[in-house]
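Enquirer: So that we are looking at the same thing, I have put the structure below in structure tokens.
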Amino acid sequence: MVISDQSAGGVFVAPELRERLLAGVETIGESVLTIYRRDFAVETKADDSPVTEADMLAHHALDDLLAELTPGVPVLSEESQVAPYDVRRGWRRYWLVDPLDGTKEFIKRSDDFTLNLALVEGGVPVFGIVHAPALGLSWFGQVGEGAWRREAGEERAIRVRPLPATDEAPWRLVGSRSHGLTALTAFRARLPHHAFISRGSSLKLCLVAEGVVDLYPRFGPTCEWDTAAGQAVVTAAGGEVLAARNLLPLRCNRQASLLNPDFIVCGHRDARWEQALAASLAEAGGNGDGG
């Protein structure tokens with residue numbers, strides 16, 4: 001299996017490896033679905049977040065998949081013991097995994113949960129897979145090569161959409177159902193005419209990547225494993241994932257903490273939403289300045 005330094009984005013995941021990763025993630029998703037469709041226990045982690053047997057099944061299965069296909073490449077998973085930063089800071093290339101993003105959605109029997117797998121190079125997510133088992137959908141992207149949506153084995157290329165003129169069509173926003181609602185309300189109040197939908201998990205990034213929505217503002221805590229795979233897909237599709245306070249791309253593994261700052265996912269930059277974002281953060285406050 002090959003990961004090389006030959007693509008326009010600097011790192012290239014060879015087609016054979018890409019296909020085996022996709023097939024492996026989708027197979028693991030089928031096992032997650034089996035649990036989803038029956039009764040399951042819910043436990044609480046030390047940080048007071050929930051965890052289910054599906055989280056742990058996906059964690060161990062993805063660990064095994066990556067050890068088989070890319071031996072020697074470190075893996076950082078939400079459900080693993082996080083290596084000390086003195087160790088992680090020496091990782092030029094590693095896998096960043098969220099075995100089950102949207103555990104609360106999973107528990108509520110919402111279909112908005114995903115398996116997230118990202119290859120990070122020099123702090124930049126350069127390849128990502130986001131798989132939504134209950135929806136039968138996968139999105140994947142290789143920075144410098146492109147992004148795709150996959151359903152029932154059929155793939156089509158995806159791209160962010162041009163931001164429409166608001167006198168012709170409303171902008172489209174997607175947001176969290178439960179996080180950062182005060183800042184989100186302040187942001188929306190300053191925007192031109194727009195439509196809004198709420199969805200769970202990293203699906204929101206994929207909706208920007210495939211041109212279904214234009215903006216995804218996120219106010220409130222997330223971790224790097226929540227966003228890295230989706231960020232790779234968005235970037236490969238021509239969009240950006242930017243720290244909200246300085247509008248610089250999110251980066252991984254730059255500090256001991258794995259928390260992201262507030263951020264915004266966009267298909268295209270525009271002064272109107274940039275000004276609305278700055279004003280709403282000043283009014284409602286933010287959780288960091290990123291970079």
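Going through the structure tokens in order, the chains are called A, B, and so on, while each chain numbers its residues from 1 and the ligands are numbered from 1 in the order shown.
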Hey, which bits of region 197-227 of chain A sit within 7 Å of region 260-280 of chain A, and for each residue what's the closest pair of atoms and how far apart in Å (one decimal), counting only C-alpha atoms, rows by chain and increasing number, as JSON lines?

Expert:
{"residue": "A:Leu205", "atom": "CA", "partner": "A:Val265", "partner_atom": "CA", "distance": 6.8}
{"residue": "A:Val208", "atom": "CA", "partner": "A:Gly267", "partner_atom": "CA", "distance": 6.4}
{"residue": "A:Asp214", "atom": "CA", "partner": "A:Gly267", "partner_atom": "CA", "distance": 5.6}
{"residue": "A:Leu215", "atom": "CA", "partner": "A:Cys266", "partner_atom": "CA", "distance": 4.7}
{"residue": "A:Tyr216", "atom": "CA", "partner": "A:Val265", "partner_atom": "CA", "distance": 4.9}
{"residue": "A:Pro217", "atom": "CA", "partner": "A:Ile264", "partner_atom": "CA", "distance": 4.2}
{"residue": "A:Arg218", "atom": "CA", "partner": "A:Phe263", "partner_atom": "CA", "distance": 5.3}
{"residue": "A:Phe219", "atom": "CA", "partner": "A:Asp262", "partner_atom": "CA", "distance": 4.9}
{"residue": "A:Gly220", "atom": "CA", "partner": "A:Asp262", "partner_atom": "CA", "distance": 6.1}
{"residue": "A:Pro221", "atom": "CA", "partner": "A:Asn260", "partner_atom": "CA", "distance": 6.8}
{"residue": "A:Thr222", "atom": "CA", "partner": "A:Asn260", "partner_atom": "CA", "distance": 5.5}
{"residue": "A:Cys223", "atom": "CA", "partner": "A:Asn260", "partner_atom": "CA", "distance": 5.3}
{"residue": "A:Glu224", "atom": "CA", "partner": "A:Asn260", "partner_atom": "CA", "distance": 6.0}

Enquirer: From a DSSP calculation on the backbone, collect every residue of region 91-125 of chain A in alpha helix (DSSP H) and output the set as a PDB file with all heavy atoms, in the first residue's frame.

Expert:
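Generated file (states.pdb):
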ATOM      1  N   THR A 103     -21.955  10.675  18.412  1.00  0.00           N
ATOM      2  CA  THR A 103     -22.440   9.614  19.301  1.00  0.00           C
ATOM      3  C   THR A 103     -23.809   9.974  19.893  1.00  0.00           C
ATOM      4  O   THR A 103     -24.679   9.106  20.035  1.00  0.00           O
ATOM      5  CB  THR A 103     -21.428   9.342  20.431  1.00  0.00           C
ATOM      6  OG1 THR A 103     -20.190   8.915  19.848  1.00  0.00           O
ATOM      7  CG2 THR A 103     -21.921   8.261  21.374  1.00  0.00           C
ATOM      8  N   LYS A 104     -24.013  11.253  20.216  1.00  0.00           N
ATOM      9  CA  LYS A 104     -25.318  11.657  20.756  1.00  0.00           C
ATOM     10  C   LYS A 104     -26.425  11.453  19.721  1.00  0.00           C
ATOM     11  O   LYS A 104     -27.543  11.072  20.062  1.00  0.00           O
ATOM     12  CB  LYS A 104     -25.269  13.110  21.222  1.00  0.00           C
ATOM     13  CG  LYS A 104     -24.387  13.323  22.452  1.00  0.00           C
ATOM     14  CD  LYS A 104     -24.357  14.783  22.873  1.00  0.00           C
ATOM     15  CE  LYS A 104     -23.458  14.970  24.090  1.00  0.00           C
ATOM     16  NZ  LYS A 104     -23.382  16.402  24.504  1.00  0.00           N
ATOM     17  N   GLU A 105     -26.114  11.722  18.444  1.00  0.00           N
ATOM     18  CA  GLU A 105     -27.092  11.470  17.386  1.00  0.00           C
ATOM     19  C   GLU A 105     -27.383   9.969  17.278  1.00  0.00           C
ATOM     20  O   GLU A 105     -28.524   9.542  17.077  1.00  0.00           O
ATOM     21  CB  GLU A 105     -26.575  12.002  16.050  1.00  0.00           C
ATOM     22  CG  GLU A 105     -26.215  13.479  16.047  1.00  0.00           C
ATOM     23  CD  GLU A 105     -27.432  14.374  16.142  1.00  0.00           C
ATOM     24  OE1 GLU A 105     -28.551  13.895  15.846  1.00  0.00           O
ATOM     25  OE2 GLU A 105     -27.280  15.541  16.534  1.00  0.00           O
ATOM     26  N   PHE A 106     -26.334   9.173  17.395  1.00  0.00           N
ATOM     27  CA  PHE A 106     -26.461   7.706  17.354  1.00  0.00           C
ATOM     28  C   PHE A 106     -27.380   7.236  18.475  1.00  0.00           C
ATOM     29  O   PHE A 106     -28.287   6.417  18.256  1.00  0.00           O
ATOM     30  CB  PHE A 106     -25.058   7.106  17.509  1.00  0.00           C
ATOM     31  CG  PHE A 106     -24.983   5.608  17.399  1.00  0.00           C
ATOM     32  CD1 PHE A 106     -24.760   5.004  16.178  1.00  0.00           C
ATOM     33  CD2 PHE A 106     -25.089   4.811  18.531  1.00  0.00           C
ATOM     34  CE1 PHE A 106     -24.655   3.616  16.075  1.00  0.00           C
ATOM     35  CE2 PHE A 106     -24.993   3.429  18.446  1.00  0.00           C
ATOM     36  CZ  PHE A 106     -24.776   2.832  17.203  1.00  0.00           C
ATOM     37  N   ILE A 107     -27.181   7.767  19.679  1.00  0.00           N
ATOM     38  CA  ILE A 107     -27.985   7.366  20.835  1.00  0.00           C
ATOM     39  C   ILE A 107     -29.445   7.775  20.654  1.00  0.00           C
ATOM     40  O   ILE A 107     -30.364   7.042  21.029  1.00  0.00           O
ATOM     41  CB  ILE A 107     -27.391   7.974  22.120  1.00  0.00           C
ATOM     42  CG1 ILE A 107     -26.021   7.345  22.409  1.00  0.00           C
ATOM     43  CG2 ILE A 107     -28.330   7.793  23.311  1.00  0.00           C
ATOM     44  CD1 ILE A 107     -25.217   8.078  23.467  1.00  0.00           C
TER      45      ILE A 107
END

Enquirer: Need to verify the contact set: Arg251 (chain A), 10 Å, only C-alpha atoms, exclusion of same-chain residues closer than 4 positions in sequence. Can you return it as number ranges by chain?

Expert: A: 120, 122-125, 224, 228, 231, 241-243, 255, 260, 290-291

Enquirer: For each of A:Leu65, A:Ala284, A:Met56, A:Leu248, take the minimum atom-to-atom distance to Gly24 (chain A), counting only C-alpha atoms, then give the residue where this is smallest.

Expert: A:Leu65

Enquirer: What's the 9 Å shell around Ala157 (chain A), counting only C-alpha atoms, without same-chain residues fewer than 2 positions away, as a PDB file with N, CA and C atoms, in the first residue's frame?

Expert:
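Result saved to out-v1.pdb:
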ATOM      1  N   GLY A 146      -8.954  16.124  -5.858  1.00  0.00           N
ATOM      2  CA  GLY A 146     -10.403  16.257  -5.980  1.00  0.00           C
ATOM      3  C   GLY A 146     -11.132  15.561  -4.853  1.00  0.00           C
ATOM      4  N   ALA A 147     -12.470  15.684  -4.887  1.00  0.00           N
ATOM      5  CA  ALA A 147     -13.326  15.085  -3.872  1.00  0.00           C
ATOM      6  C   ALA A 147     -14.486  14.377  -4.555  1.00  0.00           C
ATOM      7  N   TRP A 148     -15.035  13.359  -3.860  1.00  0.00           N
ATOM      8  CA  TRP A 148     -16.076  12.519  -4.442  1.00  0.00           C
ATOM      9  C   TRP A 148     -17.123  12.158  -3.398  1.00  0.00           C
ATOM     10  N   ARG A 149     -18.314  11.886  -3.892  1.00  0.00           N
ATOM     11  CA  ARG A 149     -19.413  11.350  -3.087  1.00  0.00           C
ATOM     12  C   ARG A 149     -19.701   9.947  -3.600  1.00  0.00           C
ATOM     13  N   ARG A 150     -19.871   9.005  -2.680  1.00  0.00           N
ATOM     14  CA  ARG A 150     -20.013   7.596  -3.064  1.00  0.00           C
ATOM     15  C   ARG A 150     -21.290   7.032  -2.443  1.00  0.00           C
ATOM     16  N   GLU A 155     -19.576   6.458  -7.692  1.00  0.00           N
ATOM     17  CA  GLU A 155     -18.900   7.678  -7.265  1.00  0.00           C
ATOM     18  C   GLU A 155     -19.126   8.815  -8.250  1.00  0.00           C
ATOM     19  N   ARG A 159     -17.950  19.368  -5.859  1.00  0.00           N
ATOM     20  CA  ARG A 159     -17.267  20.667  -5.826  1.00  0.00           C
ATOM     21  C   ARG A 159     -18.137  21.656  -5.069  1.00  0.00           C
ATOM     22  N   GLU A 210     -20.018  19.329  -1.190  1.00  0.00           N
ATOM     23  CA  GLU A 210     -20.740  18.923  -2.400  1.00  0.00           C
ATOM     24  C   GLU A 210     -21.676  20.010  -2.917  1.00  0.00           C
ATOM     25  N   ALA A 237     -12.463  19.749  -2.395  1.00  0.00           N
ATOM     26  CA  ALA A 237     -13.588  20.184  -3.226  1.00  0.00           C
ATOM     27  C   ALA A 237     -13.545  21.672  -3.541  1.00  0.00           C
TER      28      ALA A 237
END

Enquirer: Which one of A:Glu43, A:Asp111, A:Glu26, A:Glu53 sits closest to Trp139 (chain A) if you count only C-alpha atoms?

Expert: A:Glu26

Enquirer: So that I can check the surroundings of region 39-42 of chain A, please list as a PyMOL selection string every protein, DNA and RNA residue that reaches within 7 Å of it, counting only C-alpha atoms and ignoring chain neighbours fewer than 5 positions away.

Expert: chain A and resi 50-52

Enquirer: Contacts of Leu57 (chain A) at 9 Å or less, counting only C-alpha atoms, minus same-chain residues fewer than 3 places along, as a list of chain:residue names?

Expert: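 The neighbour list is A:Ile28, A:Ser31, A:Val32, A:Thr52, A:Glu53, A:Ala54, A:His60, A:Ala61, A:Leu62, A:Pro99.
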
Enquirer: May I have the residues within 12 Å of region 90-93 of chain A as JSON, numbers by chain, using only C-alpha atoms and disregarding those fewer than 5 positions away in the same chain?

Expert: {"A": [3, 4, 5, 10, 11, 70, 72, 73, 74, 75, 76, 83, 84, 85, 118, 119, 120, 121, 122, 123, 124, 125, 126, 127, 252, 253, 254, 255]}

Enquirer: Using only C-alpha atoms, find the one residue out of A:Glu168, A:Glu19, A:Glu151, A:Glu78 that sits nearest to Ser49 (chain A).

Expert: A:Glu78

Enquirer: With DSSP run on the backbone, what are the strand (DSSP E) residues within region 4-68 of chain A? I'd like them as a VMD selection string.

Expert: chain A and resid 4 12 to 13 42 to 44 50 to 52

Enquirer: May I have the selected residues written with N, CA, C and O atoms, as a compact mmCIF listing (two decimals), in the first residue's frame?

Expert:
# COMPACT_ATOMS: atom_id res chain seq x y z
N SER A 4 2.58 8.42 -0.99
CA SER A 4 3.80 9.03 -1.53
C SER A 4 3.67 10.55 -1.54
O SER A 4 2.61 11.10 -1.27
N PHE A 12 0.13 11.81 -1.74
CA PHE A 12 -0.78 11.09 -2.62
C PHE A 12 -1.07 9.72 -2.05
O PHE A 12 -0.16 8.94 -1.78
N VAL A 13 -2.35 9.43 -1.82
CA VAL A 13 -2.79 8.10 -1.40
C VAL A 13 -3.14 7.34 -2.68
O VAL A 13 -4.05 7.70 -3.41
N VAL A 42 -25.00 2.51 27.02
CA VAL A 42 -24.32 3.80 26.91
C VAL A 42 -23.56 4.05 28.21
O VAL A 42 -24.14 3.97 29.29
N GLU A 43 -22.27 4.34 28.09
CA GLU A 43 -21.45 4.68 29.25
C GLU A 43 -21.02 6.13 29.14
O GLU A 43 -21.18 6.77 28.10
N THR A 44 -20.45 6.65 30.23
CA THR A 44 -19.99 8.04 30.26
C THR A 44 -18.49 8.06 30.48
O THR A 44 -17.97 7.42 31.42
N PRO A 50 -20.70 10.77 26.12
CA PRO A 50 -21.15 9.38 26.05
C PRO A 50 -20.28 8.53 25.14
O PRO A 50 -19.64 9.04 24.21
N VAL A 51 -20.27 7.24 25.39
CA VAL A 51 -19.59 6.28 24.52
C VAL A 51 -20.41 5.00 24.50
O VAL A 51 -21.01 4.61 25.51
N THR A 52 -20.46 4.36 23.35
CA THR A 52 -21.23 3.12 23.18
C THR A 52 -20.31 2.01 22.68
O THR A 52 -19.15 2.27 22.29
